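**Student:** Next up is a structure, given as structure tokens.
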Number of protein chains: 2
Amino acid sequence: MASRKRPRIQEKPQPEIPFANNGGRATSYDVALRAGVSQSAVSRCFKPGASASSKMRDRVMRAARELGYTPNAIARSLITRRSNLVAVIITNLTNLYYPEVLAELSSQASARGIRVLLFTLPTESEIDKVLEQVWQYRVDGVISAARLSAEQVGLFQKHGVPLVFYNRFLRDTPVCAVFCDQSDGARMLVQRLVKAEHRKFGIIAGPPDSVVGQERVKASVDRLTELGITDVTVVPGAYDYESGVNGLHELTRRLHRPPQAVICANDAMAIGCMDAARYDLGLEVPKKISIVGFDGAGPSSWASYRLTTLRQPVQRMAEAALTMLLARVEEPSLPPERRVLSGALVEGTSARLG
Amino acid sequence: MASRKRPRIQEKPQPEIPFANNGGRATSYDVALRAGVSQSAVSRCFKPGASASSKMRDRVMRAARELGYTPNAIARSLITRRSNLVAVIITNLTNLYYPEVLAELSSQASARGIRVLLFTLPTESEIDKVLEQVWQYRVDGVISAARLSAEQVGLFQKHGVPLVFYNRFLRDTPVCAVFCDQSDGARMLVQRLVKAEHRKFGIIAGPPDSVVGQERVKASVDRLTELGITDVTVVPGAYDYESGVNGLHELTRRLHRPPQAVICANDAMAIGCMDAARYDLGLEVPKKISIVGFDGAGPSSWASYRLTTLRQPVQRMAEAALTMLLARVEEPSLPPERRVLSGALVEGTSARLG
DNA sequence: AATGTAATTGCATTCGAAGTCAATTTCGCC
DNA sequence: GGCGAAATTGACTTCGAATGCAATTACATT
């Protein structure tokens with residue numbers, strides 16, 4: 001064998017090895033060995049912009065294919081300090097509206113090369129446990145559609161994890177948030193209901209911890225007051241179908257008869273409210289009672305409901321949330337920011353509008 | 001200074017350091033340094049069963065608290081070869097039934113210390129890209145509610161990643177699967193519809209790639225045939241609301257008048273079908289037409305529908321899927337297995353039953 | 001052919017925690 | 001006080017890929 005100055009690793013035409021080497025998966029080192037190059041070279045061949053000759057690329061890629069090599073994202077994350085993981089925290093997926101949001105976030109994240117690590121909360125009290133897990137997984141950022149206290153938000157800063165609220169925000173605490181300001185729409189809606197001679201209003205509110213729900217109710221009440229309507233009764237709700245049913249019953253009990261119009265803080269309750277009106281109270285909708293909601297969730301457009309509602313621009317909101325989040329992943333020092341998008345009025349047939 | 005045989009690292013009362021050390025997060029080594037112990041000791045203190053004196057535990061835990069230390073799950077995964085991540089692949093979250101499944105899987109996984117990495121498929125053709133990502137993240141296992149070809153299933157074996165199908169299975173290919181056999185229920189349902197004098201049947205099928213949908217249709221058709229009913233028309237559907245609406249129209253066109261009973265391969269279509277019957281064709285349900293579905297999804301119990309349907313035991317199915325999957329994570333050599341649970345008949349008011 | 005420059009490539013180190021093994025300490029007990 | 005067994009502890013290596021830096025090669029120019 002002729003002695004060479006710098007003996008280079010020879011490409012070893014390993015006989016068979018149909019796949020994986022040692023019980024597990026092939027590593028970049030295995031590929032390097034087979035291709036007769038260094039591990040660094042393999043790494044570079046799998047990194048888009050990196051420097052590598054086309055001959056090298058071919059050799060490495062062939063070896064990789066032969067061994068069934070797939071880069072290990074875990075090992076990569078360890079050294080690059082980027083997991084390409086975003087945690088999405090959601091309270092109850094059984095809500096009508098959240099699945100749509102999640103689907104949108106997931107597919108848009110995927111398009112940007114980001115994976116979604118899902119955290120669902122059975123109860124609000126689980127949040128601390130969930131956050132513990134979030135820190136452990138070194139996610140690049142978090143999108144939360146669940147309530148977080150100011151202290152909890154503080155933890156994000158301490159751990160250096162960017163956070164964006166989805167359809168929520170904290171008063172008096174600067175945090176990134178994307179939400180839908182529907183007060184304009186709500187005001188317009190109220191105005192038209194009043195113009196159509198509705199005078200006796202019921203409102204079914206959202207749960208107390210939903211700032212967006214509060215805003216919806218407040219905007220409605222304010223506009224009603226401005227227009228001189230004082231016969232307004234507000235009952236609490238929890239964003240679910242039953243709350244809508246019970247809400248209408250409660251309103252009817254308190255007023256001794258049904259209100260002329262009911263504003264529900266979301267679609268699920270509006271749907272429950274419509275069903276209660278029709279099937280429990282025997283009221284024709286919208287002839288005897290007008291009902292409106294918020295969100296524009298899927299079922300709101302079903303023929304049985306055709307809800308008049310304010311649709312949230314889910315796609316644009318998801319996009320805004322991700323963009324805002326990823327910007328802060330790149331540049332953590334960016335200041336908190338709120339993106340407020342506006343909802344669109346959907347004129348259904350659940351309300352008699354003037 | 002008295003010389004000691006084996007000088008041990010002294011606990012250094014570092015002055016301030018409110019949190020994190022070097023721009024980032026504290027590591028087990030930082031904690032070790034501060035507590036005056038070895039890194040191994042820190043690791044052990046965070047592992048439940050490990051050997052460590054209570055004095056050590058206290059010291060380490062205090063140092064950890066002071067530094068705001070959180071174990072790095074990424075680094076841990078690298079060495080333990082366990083990510084505690086399970087990928088869940090889902091086609092369209094906008095389907096009524098899947099969000100419930102996802103929520104259930106997520107919360108049950110969470111209870112077992114497992115995190116869900118979500119993969120949603122905008123289109124079926126994205127599957128290969130998604131699988132590529134699945135391999136990269138070294139998930140411990142995969143639960144798929146999306147269709148996979150036999151070759152794709154083969155990749156799981158090659159990569160050594162356990163797979164469990166949810167509400168799906170492959171004929172002629174042994175794979176783990178959990179699904180709901182509703183043929184018993186379907187047969188019973190059909191029988192009662194026939195007993196109640198229904199003679200002219202329409203069936204709105206699911207998409208061709210849904211094996212479960214096929215079974216539902218087949219069981220129904222078979223039983224109808226057994227009972228001597230031959231006036232059965234099957235039209236295709238895609239599991240969504242619109243398919244239900246269009247399906248009924250199509251059936252009506254083909255039969256020149258509406259069928260007496262319609263069996264829909266899922267609830268979303270049954271709901272669309274009911275709406276079409278009532279609002280497009282002016283048929284009272286169930287007086288003029290009986291409609292039944294499958295799944296027992298949330299809206300199926302709303303007052304507007306009160307669907308007669310076969311409810312899937314989502315909780316038990318999720319539990320079975322996870323149990324089956326995790327068993328194979330522990331012991332990869334376990335053979336494929338199918339768990340078939342049975343659905344429960346929910347008697348609503350959408351069908352006139354005998 | 002010699003030289004200079006740009007493009008490749010490999011070595012060695014790094015990320016953070018877990019586990020092996022051997023050294024040491026603790027403790028019970030005579 | 002001394003012995004042996006059991007518990008505790010630390011040094012060192014490992015997981016798999018990325019990257020700074022230095023060494024080398026390729027290529028253009030005179």
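Following the order of the structure tokens, chains are lettered A, B, ..., residues in each are numbered from 1, and ligands are numbered from 1.
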Within 9 Å of region 66-77 of chain A, counting only C-alpha atoms (C1' of nucleotides), which residues qualify if same-chain residues fewer than 5 places away don't, as a PyMOL selection string?
**Tutor:** (chain A and resi 17-21+25-28+30-31+34+43+46+61+82-84) or (chain B and resi 74-75+77-78+83+132-133+135-138+158-159) or (chain C and resi 15) or (chain D and resi 15-18)
**Student:** Can you write out the residues you just picked, keeping N, CA and C atoms (P, O5', C5', C4', C3', O3' and C1' of nucleotides), as a short mmCIF file (atom, residue, chain, number, x, y, z; two decimals), in the first residue's frame?
**Tutor:**
data_model
loop_
_atom_site.label_atom_id
_atom_site.label_comp_id
_atom_site.auth_asym_id
_atom_site.auth_seq_id
_atom_site.Cartn_x
_atom_site.Cartn_y
_atom_site.Cartn_z
N ILE A 17 -26.14 -3.87 5.39
CA ILE A 17 -26.72 -2.83 6.25
C ILE A 17 -27.89 -2.15 5.57
N PRO A 18 -29.03 -2.81 5.60
CA PRO A 18 -30.18 -2.26 4.92
C PRO A 18 -30.64 -0.96 5.54
N PHE A 19 -30.45 -0.83 6.82
CA PHE A 19 -30.94 0.33 7.52
C PHE A 19 -30.19 0.40 8.84
N ALA A 20 -30.43 1.43 9.57
CA ALA A 20 -29.87 1.63 10.90
C ALA A 20 -28.69 0.70 11.19
N ASN A 21 -27.81 1.15 12.00
CA ASN A 21 -26.64 0.36 12.30
C ASN A 21 -26.77 -0.48 13.56
N ARG A 25 -30.89 4.19 15.39
CA ARG A 25 -30.89 4.92 14.15
C ARG A 25 -29.47 5.31 13.78
N ALA A 26 -29.25 5.54 12.52
CA ALA A 26 -27.94 5.98 12.08
C ALA A 26 -27.71 7.42 12.55
N THR A 27 -26.46 7.72 12.87
CA THR A 27 -26.13 9.08 13.29
C THR A 27 -25.28 9.73 12.20
N SER A 28 -25.04 11.01 12.37
CA SER A 28 -24.25 11.72 11.36
C SER A 28 -22.86 11.09 11.27
N ASP A 30 -22.16 7.88 11.62
CA ASP A 30 -22.28 6.68 10.79
C ASP A 30 -22.25 7.05 9.32
N VAL A 31 -22.98 8.08 9.00
CA VAL A 31 -23.04 8.53 7.61
C VAL A 31 -21.65 8.95 7.15
N ARG A 34 -19.42 5.99 6.45
CA ARG A 34 -19.78 5.30 5.21
C ARG A 34 -19.38 6.12 3.98
N SER A 43 -22.91 17.16 8.69
CA SER A 43 -23.73 18.21 9.28
C SER A 43 -23.94 19.34 8.29
N PHE A 46 -26.38 18.92 5.46
CA PHE A 46 -27.80 19.00 5.79
C PHE A 46 -28.23 20.41 6.16
N MET A 61 -25.16 12.47 0.72
CA MET A 61 -26.59 12.21 0.60
C MET A 61 -26.86 10.75 0.25
N ARG A 82 -32.09 26.19 19.93
CA ARG A 82 -33.36 26.48 19.28
C ARG A 82 -34.09 25.17 19.11
N SER A 83 -35.30 25.09 19.64
CA SER A 83 -36.00 23.82 19.53
C SER A 83 -36.95 23.80 18.34
N ASN A 84 -37.23 24.97 17.79
CA ASN A 84 -38.24 25.07 16.73
C ASN A 84 -39.58 24.53 17.21
N ILE B 74 -34.52 18.62 26.76
CA ILE B 74 -33.85 18.31 25.50
C ILE B 74 -32.57 17.52 25.76
N ALA B 75 -31.77 18.04 26.67
CA ALA B 75 -30.52 17.36 27.00
C ALA B 75 -30.81 15.98 27.59
N SER B 77 -33.38 14.10 27.01
CA SER B 77 -33.83 13.19 25.96
C SER B 77 -32.66 12.63 25.17
N LEU B 78 -31.69 13.47 24.96
CA LEU B 78 -30.56 13.05 24.14
C LEU B 78 -29.89 11.83 24.76
N SER B 83 -37.98 10.93 24.54
CA SER B 83 -38.34 12.34 24.48
C SER B 83 -39.58 12.65 25.30
N GLU B 132 -41.43 13.08 7.88
CA GLU B 132 -40.03 13.48 7.95
C GLU B 132 -39.76 14.21 9.28
N GLN B 133 -40.68 15.10 9.61
CA GLN B 133 -40.54 15.83 10.86
C GLN B 133 -40.68 14.92 12.07
N TRP B 135 -39.83 11.84 12.32
CA TRP B 135 -38.58 11.11 12.57
C TRP B 135 -37.58 12.03 13.24
N GLN B 136 -37.49 13.23 12.75
CA GLN B 136 -36.48 14.15 13.28
C GLN B 136 -36.64 14.41 14.76
N TYR B 137 -37.89 14.51 15.19
CA TYR B 137 -38.09 14.86 16.60
C TYR B 137 -37.96 13.68 17.54
N ARG B 138 -37.69 12.53 17.01
CA ARG B 138 -37.46 11.36 17.85
C ARG B 138 -38.57 11.19 18.88
N LYS B 158 -39.19 0.69 10.21
CA LYS B 158 -37.79 0.96 9.93
C LYS B 158 -37.19 1.93 10.93
N HIS B 159 -37.96 2.97 11.23
CA HIS B 159 -37.45 3.96 12.16
C HIS B 159 -37.64 3.55 13.62
P DC C 15 -20.70 24.97 26.50
"O5'" DC C 15 -22.17 24.45 26.17
"C5'" DC C 15 -22.98 25.11 25.21
"C4'" DC C 15 -24.15 24.22 24.88
"C3'" DC C 15 -24.79 23.60 26.13
"O3'" DC C 15 -25.92 24.38 26.49
"C1'" DC C 15 -24.51 22.00 24.33
P DC D 15 -22.45 7.00 22.77
"O5'" DC D 15 -23.75 7.90 22.60
"C5'" DC D 15 -24.97 7.52 23.24
"C4'" DC D 15 -25.92 8.69 23.20
"C3'" DC D 15 -25.94 9.39 21.84
"O3'" DC D 15 -27.05 8.90 21.10
"C1'" DC D 15 -25.87 10.95 23.68
P DG D 16 -26.77 8.51 19.54
"O5'" DG D 16 -26.72 9.94 18.84
"C5'" DG D 16 -27.92 10.66 18.71
"C4'" DG D 16 -27.62 12.01 18.11
"C3'" DG D 16 -26.88 11.95 16.77
"O3'" DG D 16 -27.58 12.77 15.87
"C1'" DG D 16 -25.78 13.41 18.25
P DA D 17 -27.12 12.96 14.36
"O5'" DA D 17 -26.74 14.49 14.36
"C5'" DA D 17 -27.79 15.40 14.67
"C4'" DA D 17 -27.22 16.72 15.06
"C3'" DA D 17 -26.57 17.51 13.91
"O3'" DA D 17 -27.17 18.79 13.93
"C1'" DA D 17 -25.13 17.43 15.79
P DA D 18 -26.97 19.78 12.71
"O5'" DA D 18 -26.03 20.88 13.38
"C5'" DA D 18 -26.57 21.61 14.46
"C4'" DA D 18 -25.53 22.56 15.00
"C3'" DA D 18 -24.89 23.46 13.96
"O3'" DA D 18 -24.75 24.73 14.55
"C1'" DA D 18 -23.22 22.25 15.08
#
**Student:** Taking only C-alpha atoms (C1' of nucleotides) into account, report as a list in words which residues of chain D lie within 8 Å of chain B.
**Tutor:** DA7, DT8, DT9, DG10, DT14, DC15 and DG16 of chain D
**Student:** Please, could you write that set of residues out with C-alpha atoms (C1' of nucleotides) as a PDB file, in the first residue's frame?
**Tutor:**
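Output file out_27.pdb follows:
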ATOM      1  C1'  DA D   7     -25.591   4.124  51.286  1.00  0.00           C
ATOM      2  C1'  DT D   8     -23.784   8.096  49.274  1.00  0.00           C
ATOM      3  C1'  DT D   9     -20.913  10.717  46.259  1.00  0.00           C
ATOM      4  C1'  DG D  10     -17.856  12.318  42.363  1.00  0.00           C
ATOM      5  C1'  DT D  14     -21.915   9.427  26.639  1.00  0.00           C
ATOM      6  C1'  DC D  15     -25.872  10.948  23.682  1.00  0.00           C
ATOM      7  C1'  DG D  16     -25.782  13.413  18.249  1.00  0.00           C
TER       8       DG D  16
END
**Student:** Would you mind telling me which residue in C:DG28, C:DG19, C:DG10, C:DG4 lies nearest to chain A when using only C-alpha atoms (C1' of nucleotides)?
**Tutor:** C:DG10
**Student:** I'd like the contact shell of region 95-103 of chain A - 8 Å cut-off, only C-alpha atoms (C1' of nucleotides), skipping same-chain residues fewer than 5 positions apart - returned as a count of residues only.
**Tutor:** 15
**Student:** Pick out the closest residue to chain B from this set: A:Gly293, A:Pro299, A:Gly141, A:Pro335. Count only C-alpha atoms.
**Tutor:**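 Nearest candidate to chain B out of A:Gly293, A:Pro299, A:Gly141, A:Pro335: A:Pro299.
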**Student:** Just the strand (DSSP E) stuff from region 127-350 of chain A, please, per backbone DSSP, written as a PyMOL selection string.
**Tutor:** chain A and resi 141-144+163-166+176-181+201-204+232-235+261-264+290-295+308-311+338-342+344-346
**Student:** What lies within 8 Å of region 104-118 of chain B using only C-alpha atoms (C1' of nucleotides), ignoring chain neighbours under 5 positions off, as a PyMOL selection string?
**Tutor:** (chain A and resi 106+115-122) or (chain B and resi 84-90+314-315+318-319+322)
**Student:** Could you pull the residues within 7 Å of Gln312 (chain A), counting only C-alpha atoms (C1' of nucleotides), minus those fewer than 5 positions along the same chain, as a PyMOL selection string?
**Tutor:** chain A and resi 180+295-296+343-344
**Student:** If you keep N, CA and C atoms, can you produce a file of those selected residues as a compact mmCIF listing (two decimals), in the first residue's frame?
**Tutor:**
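Ended up saving to result32.txt:
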# COMPACT_ATOMS: atom_id res chain seq x y z
N CYS A 180 -59.06 40.56 19.07
CA CYS A 180 -59.99 41.12 18.14
C CYS A 180 -60.82 42.15 18.87
N ASP A 295 -67.88 35.57 17.36
CA ASP A 295 -66.83 34.61 16.97
C ASP A 295 -66.91 34.19 15.51
N GLY A 296 -68.14 33.82 15.10
CA GLY A 296 -68.25 33.31 13.73
C GLY A 296 -67.74 31.89 13.64
N GLY A 343 -63.18 42.68 13.90
CA GLY A 343 -64.05 41.61 13.47
C GLY A 343 -64.96 42.08 12.34
N ALA A 344 -65.60 41.15 11.69
CA ALA A 344 -66.49 41.49 10.58
C ALA A 344 -67.91 41.07 10.92
